[in-house]
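Novice: What follows is the file final05.cif, containing mmCIF, C-alpha atoms:
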data_data
#
loop_
_atom_site.label_atom_id
_atom_site.label_comp_id
_atom_site.auth_asym_id
_atom_site.auth_seq_id
_atom_site.Cartn_x
_atom_site.Cartn_y
_atom_site.Cartn_z
CA MET J 1407 -77.38 157.04 19.54
CA ALA J 1408 -77.62 154.53 16.70
CA GLU J 1409 -76.53 155.97 13.41
CA PHE J 1410 -78.61 156.28 10.26
CA THR J 1411 -77.31 153.58 7.92
CA SER J 1412 -79.37 153.69 4.74
CA SER J 1413 -78.80 151.44 1.79
CA LYS J 1414 -76.73 152.96 -0.97
CA TYR J 1415 -78.63 153.85 -4.13
CA ASN J 1416 -76.14 156.13 -5.88
CA ARG J 1417 -73.08 155.25 -7.92
CA ASP J 1418 -69.58 155.74 -6.53
CA THR J 1419 -69.13 158.69 -8.88
CA PHE J 1420 -71.63 160.69 -6.82
CA ASP J 1421 -69.57 160.16 -3.66
CA LYS J 1422 -66.48 161.53 -5.39
CA ILE J 1423 -67.86 164.95 -6.35
CA PRO J 1424 -67.45 167.91 -3.93
CA GLU J 1425 -69.78 167.91 -0.92
CA GLU J 1426 -71.20 171.31 -1.86
CA LYS J 1427 -72.24 169.96 -5.25
CA ARG J 1428 -73.81 166.81 -3.76
CA THR J 1429 -75.75 168.91 -1.25
CA ARG J 1430 -76.95 171.28 -3.98
CA ILE J 1431 -78.19 168.42 -6.19
CA LEU J 1432 -79.98 166.68 -3.34
CA SER J 1433 -81.54 169.89 -1.99
CA VAL J 1434 -83.00 170.67 -5.41
CA ALA J 1435 -84.20 167.07 -5.76
CA ILE J 1436 -85.89 167.12 -2.34
CA ALA J 1437 -87.82 170.27 -3.27
CA GLU J 1438 -88.88 168.88 -6.66
CA PHE J 1439 -89.96 165.48 -5.32
CA ALA J 1440 -91.74 167.09 -2.36
CA ASN J 1441 -93.63 169.56 -4.58
CA ARG J 1442 -94.50 167.26 -7.47
CA GLY J 1443 -94.32 163.70 -6.12
CA PHE J 1444 -92.19 160.91 -7.50
CA ASN J 1445 -94.14 160.28 -10.70
CA ASN J 1446 -94.45 163.94 -11.73
CA ALA J 1447 -90.99 165.13 -10.69
CA ASN J 1448 -88.89 166.06 -13.73
CA THR J 1449 -85.21 165.11 -13.69
CA ASN J 1450 -84.53 167.64 -16.47
CA ILE J 1451 -85.80 170.44 -14.22
CA ILE J 1452 -83.79 169.13 -11.27
CA ALA J 1453 -80.61 168.98 -13.34
CA LYS J 1454 -81.14 172.50 -14.70
CA LYS J 1455 -81.80 174.01 -11.26
CA ALA J 1456 -78.81 172.17 -9.81
CA GLY J 1457 -76.56 173.48 -12.59
CA ILE J 1458 -75.66 170.12 -14.11
CA SER J 1459 -76.59 168.21 -17.25
CA VAL J 1460 -79.09 165.35 -17.29
CA GLY J 1461 -76.29 163.17 -18.60
CA SER J 1462 -74.23 163.94 -15.51
CA LEU J 1463 -77.20 163.11 -13.30
CA TYR J 1464 -77.36 159.61 -14.75
CA LYS J 1465 -73.66 159.15 -14.20
CA TYR J 1466 -74.47 159.45 -10.51
CA PHE J 1467 -77.68 157.39 -10.42
CA ASP J 1468 -78.80 154.41 -12.50
CA THR J 1469 -82.48 155.30 -12.37
CA LYS J 1470 -84.91 157.98 -11.26
CA GLU J 1471 -85.92 155.61 -8.46
CA ASP J 1472 -82.35 155.48 -7.15
CA PHE J 1473 -82.15 159.27 -7.30
CA PHE J 1474 -85.38 159.58 -5.34
CA LEU J 1475 -84.26 157.09 -2.68
CA THR J 1476 -80.93 158.86 -2.27
CA ALA J 1477 -82.70 162.19 -1.80
CA VAL J 1478 -85.08 160.70 0.77
CA GLY J 1479 -82.21 159.07 2.65
CA TYR J 1480 -80.31 162.36 2.75
CA GLY J 1481 -83.36 164.27 3.97
CA ILE J 1482 -84.12 161.84 6.76
CA HIS J 1483 -80.47 161.72 7.78
CA GLN J 1484 -80.56 165.50 8.27
CA LEU J 1485 -83.45 165.10 10.68
CA GLU J 1486 -81.74 162.24 12.51
CA LYS J 1487 -78.68 164.41 13.07
CA THR J 1488 -80.75 167.08 14.80
CA LEU J 1489 -81.85 164.49 17.37
CA GLU J 1490 -78.44 162.98 18.12
CA GLU J 1491 -77.44 165.69 20.55
CA VAL J 1492 -80.70 165.46 22.49
CA LEU J 1493 -80.61 161.71 22.85
CA SER J 1494 -77.07 161.82 24.24
CA GLU J 1495 -77.94 164.45 26.87
CA ASP J 1496 -77.86 163.61 30.56
CA SER J 1497 -81.57 164.07 31.20
CA ASP J 1498 -84.48 161.78 31.98
CA LEU J 1499 -86.94 160.33 29.49
CA PHE J 1500 -89.43 163.19 29.83
CA GLY J 1501 -86.72 165.84 29.44
CA LYS J 1502 -85.58 164.22 26.20
CA ILE J 1503 -89.11 163.89 24.85
CA GLU J 1504 -89.81 167.56 25.55
CA ARG J 1505 -86.58 168.61 23.82
CA ILE J 1506 -87.50 166.48 20.80
CA LEU J 1507 -90.93 168.13 20.62
CA ARG J 1508 -89.35 171.59 20.58
CA ILE J 1509 -86.81 170.54 17.94
CA ILE J 1510 -89.64 169.17 15.78
CA GLN J 1511 -91.45 172.51 15.95
CA LYS J 1512 -88.35 174.44 14.86
CA HIS J 1513 -86.88 171.94 12.39
CA SER J 1514 -90.17 171.21 10.60
CA ARG J 1515 -90.80 174.88 9.88
CA GLU J 1516 -87.24 175.50 8.72
CA ASN J 1517 -87.01 172.34 6.59
CA ARG J 1518 -90.48 171.98 5.13
CA ASP J 1519 -89.29 170.30 1.93
CA ILE J 1520 -87.62 167.47 3.83
CA ILE J 1521 -90.72 166.81 5.93
CA ARG J 1522 -93.00 167.08 2.90
CA LEU J 1523 -90.80 164.57 1.11
CA TYR J 1524 -91.11 162.23 4.09
CA ASN J 1525 -94.88 162.68 3.89
CA GLU J 1526 -94.75 161.99 0.16
CA ILE J 1527 -93.12 158.59 0.59
CA THR J 1528 -95.55 157.54 3.31
CA ALA J 1529 -98.33 158.06 0.76
CA GLU J 1530 -96.36 156.63 -2.18
CA GLY J 1531 -98.16 153.71 -3.81
CA ASN J 1532 -95.06 152.14 -5.39
CA SER J 1533 -94.26 149.36 -2.92
CA GLU J 1534 -91.12 148.35 -4.79
CA LEU J 1535 -89.82 151.89 -4.42
CA ILE J 1536 -90.13 152.12 -0.65
CA ARG J 1537 -89.92 148.53 0.59
CA GLY J 1538 -86.35 148.71 1.87
CA LEU J 1539 -86.38 152.41 2.65
CA SER J 1540 -88.97 152.19 5.43
CA SER J 1541 -86.75 149.72 7.27
CA ASP J 1542 -83.73 152.03 6.86
CA MET J 1543 -85.60 155.04 8.23
CA GLU J 1544 -87.65 153.55 11.02
CA SER J 1545 -85.18 151.08 12.53
CA VAL J 1546 -83.11 153.84 14.13
CA SER J 1547 -86.10 155.52 15.80
CA ALA J 1548 -87.56 152.18 16.88
CA LYS J 1549 -84.34 151.09 18.61
CA VAL J 1550 -83.70 154.46 20.26
CA TYR J 1551 -87.21 155.02 21.64
CA THR J 1552 -87.60 151.40 22.75
CA SER J 1553 -84.26 151.58 24.56
CA LEU J 1554 -85.11 154.88 26.28
CA LEU J 1555 -88.42 153.51 27.51
CA ALA J 1556 -86.85 150.24 28.68
CA GLU J 1557 -84.25 152.18 30.69
CA ALA J 1558 -86.93 154.42 32.22
CA LYS J 1559 -88.98 151.36 33.19
CA LYS J 1560 -85.93 149.71 34.74
CA SER J 1561 -85.17 152.83 36.79
CA GLY J 1562 -88.77 152.97 38.02
CA SER J 1563 -89.57 156.38 36.52
CA ILE J 1564 -92.42 154.92 34.45
CA GLY J 1565 -94.87 152.11 35.08
CA LYS J 1566 -93.53 148.56 34.85
CA GLU J 1567 -96.63 147.53 32.89
CA VAL J 1568 -95.65 149.84 30.00
CA ASP J 1569 -94.91 147.88 26.83
CA GLU J 1570 -91.89 149.79 25.54
CA LYS J 1571 -92.23 148.49 21.98
CA VAL J 1572 -95.87 149.48 21.65
CA PHE J 1573 -95.33 152.86 23.27
CA ALA J 1574 -92.23 153.52 21.13
CA PHE J 1575 -94.46 152.95 18.10
CA CYS J 1576 -97.10 155.32 19.48
CA ILE J 1577 -94.69 158.10 20.37
CA ASP J 1578 -92.91 157.89 17.02
CA ASN J 1579 -96.26 158.26 15.26
CA LEU J 1580 -97.04 161.27 17.46
CA PHE J 1581 -93.71 162.86 16.46
CA MET J 1582 -94.31 162.10 12.79
CA ILE J 1583 -97.78 163.65 12.71
CA LEU J 1584 -96.50 166.70 14.58
CA GLN J 1585 -93.80 167.17 11.92
CA PHE J 1586 -96.39 166.93 9.16
CA SER J 1587 -98.60 169.43 11.00
CA TYR J 1588 -95.90 172.12 10.87
CA ALA J 1589 -94.74 171.39 7.32
CA THR J 1590 -97.68 170.33 5.14
CA GLU J 1591 -100.88 172.12 4.22
CA TYR J 1592 -103.32 169.28 4.92
CA TYR J 1593 -101.99 168.39 8.36
CA ARG J 1594 -101.65 172.05 9.31
CA GLU J 1595 -105.34 172.61 8.53
CA ARG J 1596 -106.18 169.43 10.41
CA MET J 1597 -104.31 170.74 13.44
CA LYS J 1598 -106.31 173.97 13.27
CA VAL J 1599 -109.57 172.00 13.38
CA TYR J 1600 -108.55 170.39 16.65
CA LEU J 1601 -106.68 173.23 18.36
CA GLY J 1602 -108.45 176.28 16.97
CA LYS J 1603 -106.64 179.53 17.71
CA ASP J 1604 -104.06 177.66 19.81
CA PHE J 1605 -102.69 175.69 16.85
CA ASP J 1606 -99.74 178.11 16.59
CA ASN J 1607 -99.11 178.36 20.34
CA ASP J 1608 -95.96 176.25 20.56
CA GLU J 1609 -95.69 176.36 24.33
CA LYS J 1610 -99.27 175.24 24.87
CA VAL J 1611 -98.86 172.42 22.33
CA VAL J 1612 -95.70 171.14 24.05
CA LYS J 1613 -97.25 171.33 27.53
CA GLY J 1614 -100.41 169.56 26.34
CA ILE J 1615 -98.51 166.73 24.65
CA MET J 1616 -96.18 166.32 27.63
CA SER J 1617 -99.16 166.10 29.99
CA PHE J 1618 -100.68 163.40 27.76
CA ILE J 1619 -97.42 161.42 27.62
CA ARG J 1620 -96.75 161.68 31.36
CA ARG J 1621 -100.24 160.41 32.17
CA ALA J 1622 -99.89 157.56 29.68
CA LEU J 1623 -96.60 156.47 31.27
CA ASP J 1624 -97.57 157.20 34.87
CA LYS J 1625 -96.98 154.43 37.41
CA LYS J 1626 -100.32 152.87 38.38
#
What would the structure in this file look like if it were written as structure tokens?

Specialist:
Amino acid sequence: MAEFTSSKYNRDTFDKIPEEKRTRILSVAIAEFANRGFNNANTNIIAKKAGISVGSLYKYFDTKEDFFLTAVGYGIHQLEKTLEEVLSEDSDLFGKIERILRIIQKHSRENRDIIRLYNEITAEGNSELIRGLSSDMESVSAKVYTSLLAEAKKSGSIGKEVDEKVFAFCIDNLFMILQFSYATEYYRERMKVYLGKDFDNDEKVVKGIMSFIRRALDKK
């Protein structure tokens, strides 16, 4: 699988501190940015909760924007890592998609702050803040899903008329919305409107989505 290779927004001094300390700082930052948004997040509160001084924080990052982008990059990298094992498995396209769906259900509930932060940046109005970041985050998924679909088309397991780039875009959006539905209040309520009492029936959700995907990719 292609590796997540985000741009670097932190100073070298941040790379030199112990991993436990870096993880603690970024975990606190993810929660603060996810709960309050970029504009309202308070670096003083983050520093206090992380057990460091504000002065130390700005030895690691030049600006609040750089701190935010580093936290986002770390959060998305954690999600990417959970998918690496699946995408390297010796199974067909549909087996991998189903495994990803199940991972999304589990990971999104266990890591709500990371997913909520991802949701936050998709709604962020500061184009300068996210211009490069979207390319960092989405390029990995785009290449992986497009490649998987191209291989499946070549092997004859899906229809030859399938446009792998378009469908990769569609399936990635499906995955993204599903993550938001398990981690954020608005999308969870939206899911309830559509699924009713079955919104929390993981098995039924997976089977329904897989049926939809199989029919969409079925050979005509």

Novice: Evaluated on this file, the PyMOL selection byres ((chain J and resi 1563) around 12) picks out some residues - which ones are they, written as a PyMOL selection string?

Specialist: chain J and resi 1498-1500+1554-1562+1564-1568+1620+1623-1626

Novice: For the structure provided, state which residues fall under the PyMOL selection byres ((chain J and resi 1465) around 12), and present them as a VMD selection string.

Specialist: chain J and resid 1416 to 1423 1458 to 1464 1466 to 1470 1472 to 1473

Novice: Can you list, as a PyMOL selection string, every protein, DNA or RNA residue that comes within 10 Å of Arg1594 (chain J) when you count all atoms listed in the file, leaving out same-chain residues fewer than 4 positions away?

Specialist: chain J and resi 1583-1590+1598-1599+1605-1606

Novice: Provide the CA of Ile1615 (chain J) to CA of Arg1508 (chain J) distance in Å, to one decimal place.

Specialist: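 Those two atoms sit 11.1 Å apart.
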
Novice: Please provide as a list in words all residues within 6 Å of region 1474-1488 of chain J, with the sequence filter that same-chain residues fewer than 4 positions apart are discarded (counting all atoms listed in the file).

Specialist: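 Skipping anything fewer than 4 positions along the chain leaves Tyr1415, Leu1432, Ile1436 and Ile1520 of chain J.
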
Novice: Write out as a JSON list (two decimals) with C-alpha atoms, keeping the file's coordinate frame each polymer residue whose atoms come within 12 Å of Glu1491 (chain J), counting all atoms listed in the file; drop sequence neighbours fewer than 5 positions from it.

Specialist:
[["chain", "number", "residue", "atom", "x", "y", "z"],
["J", 1407, "MET", "CA", -77.38, 157.04, 19.54],
["J", 1408, "ALA", "CA", -77.62, 154.53, 16.70],
["J", 1485, "LEU", "CA", -83.45, 165.10, 10.68],
["J", 1486, "GLU", "CA", -81.74, 162.24, 12.51],
["J", 1496, "ASP", "CA", -77.86, 163.61, 30.56],
["J", 1497, "SER", "CA", -81.57, 164.07, 31.20],
["J", 1502, "LYS", "CA", -85.58, 164.22, 26.20],
["J", 1505, "ARG", "CA", -86.58, 168.61, 23.82],
["J", 1506, "ILE", "CA", -87.50, 166.48, 20.80],
["J", 1509, "ILE", "CA", -86.81, 170.54, 17.94]]

Novice: Work out how far apart CA of Glu1526 (chain J) and CA of Gly1443 (chain J) are and give it in Å to one decimal.

Specialist: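 Computing it gives 6.5 Å between the two atoms.
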
Novice: Have a look at CA of Ala1574 (chain J) and CA of Tyr1551 (chain J) and let me know their distance in Å, one decimal.

Specialist: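 Atom-to-atom, CA of Ala1574 (chain J) and CA of Tyr1551 (chain J) are spaced 5.3 Å apart.
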
Novice: Tell me which of J:Glu1591, J:Glu1471, J:His1513, J:Asp1608 sits closest to Leu1489 (chain J), counting all atoms listed in the file.

Specialist: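 Closest residue, counting all atoms listed in the file: J:His1513.
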
Novice: Name the residues that the PyMOL selection byres ((chain J and resi 1440) around 9) picks from the file above, as an MDAnalysis selection string, using the file's chain letters and numbers.

Specialist: chainID J and resid 1435:1439 1441:1444 1447 1519:1526

Novice: Given 8 Å on each side, where is the centre and what are the edge lengths in Å to one decimal of the axis-aligned box enclosing the listed atoms of region 1602-1618 of chain J, as JSON?

Specialist:
{"center_x": -102.1, "center_y": 171.5, "center_z": 23.3, "size_x": 28.8, "size_y": 32.1, "size_z": 29.4}
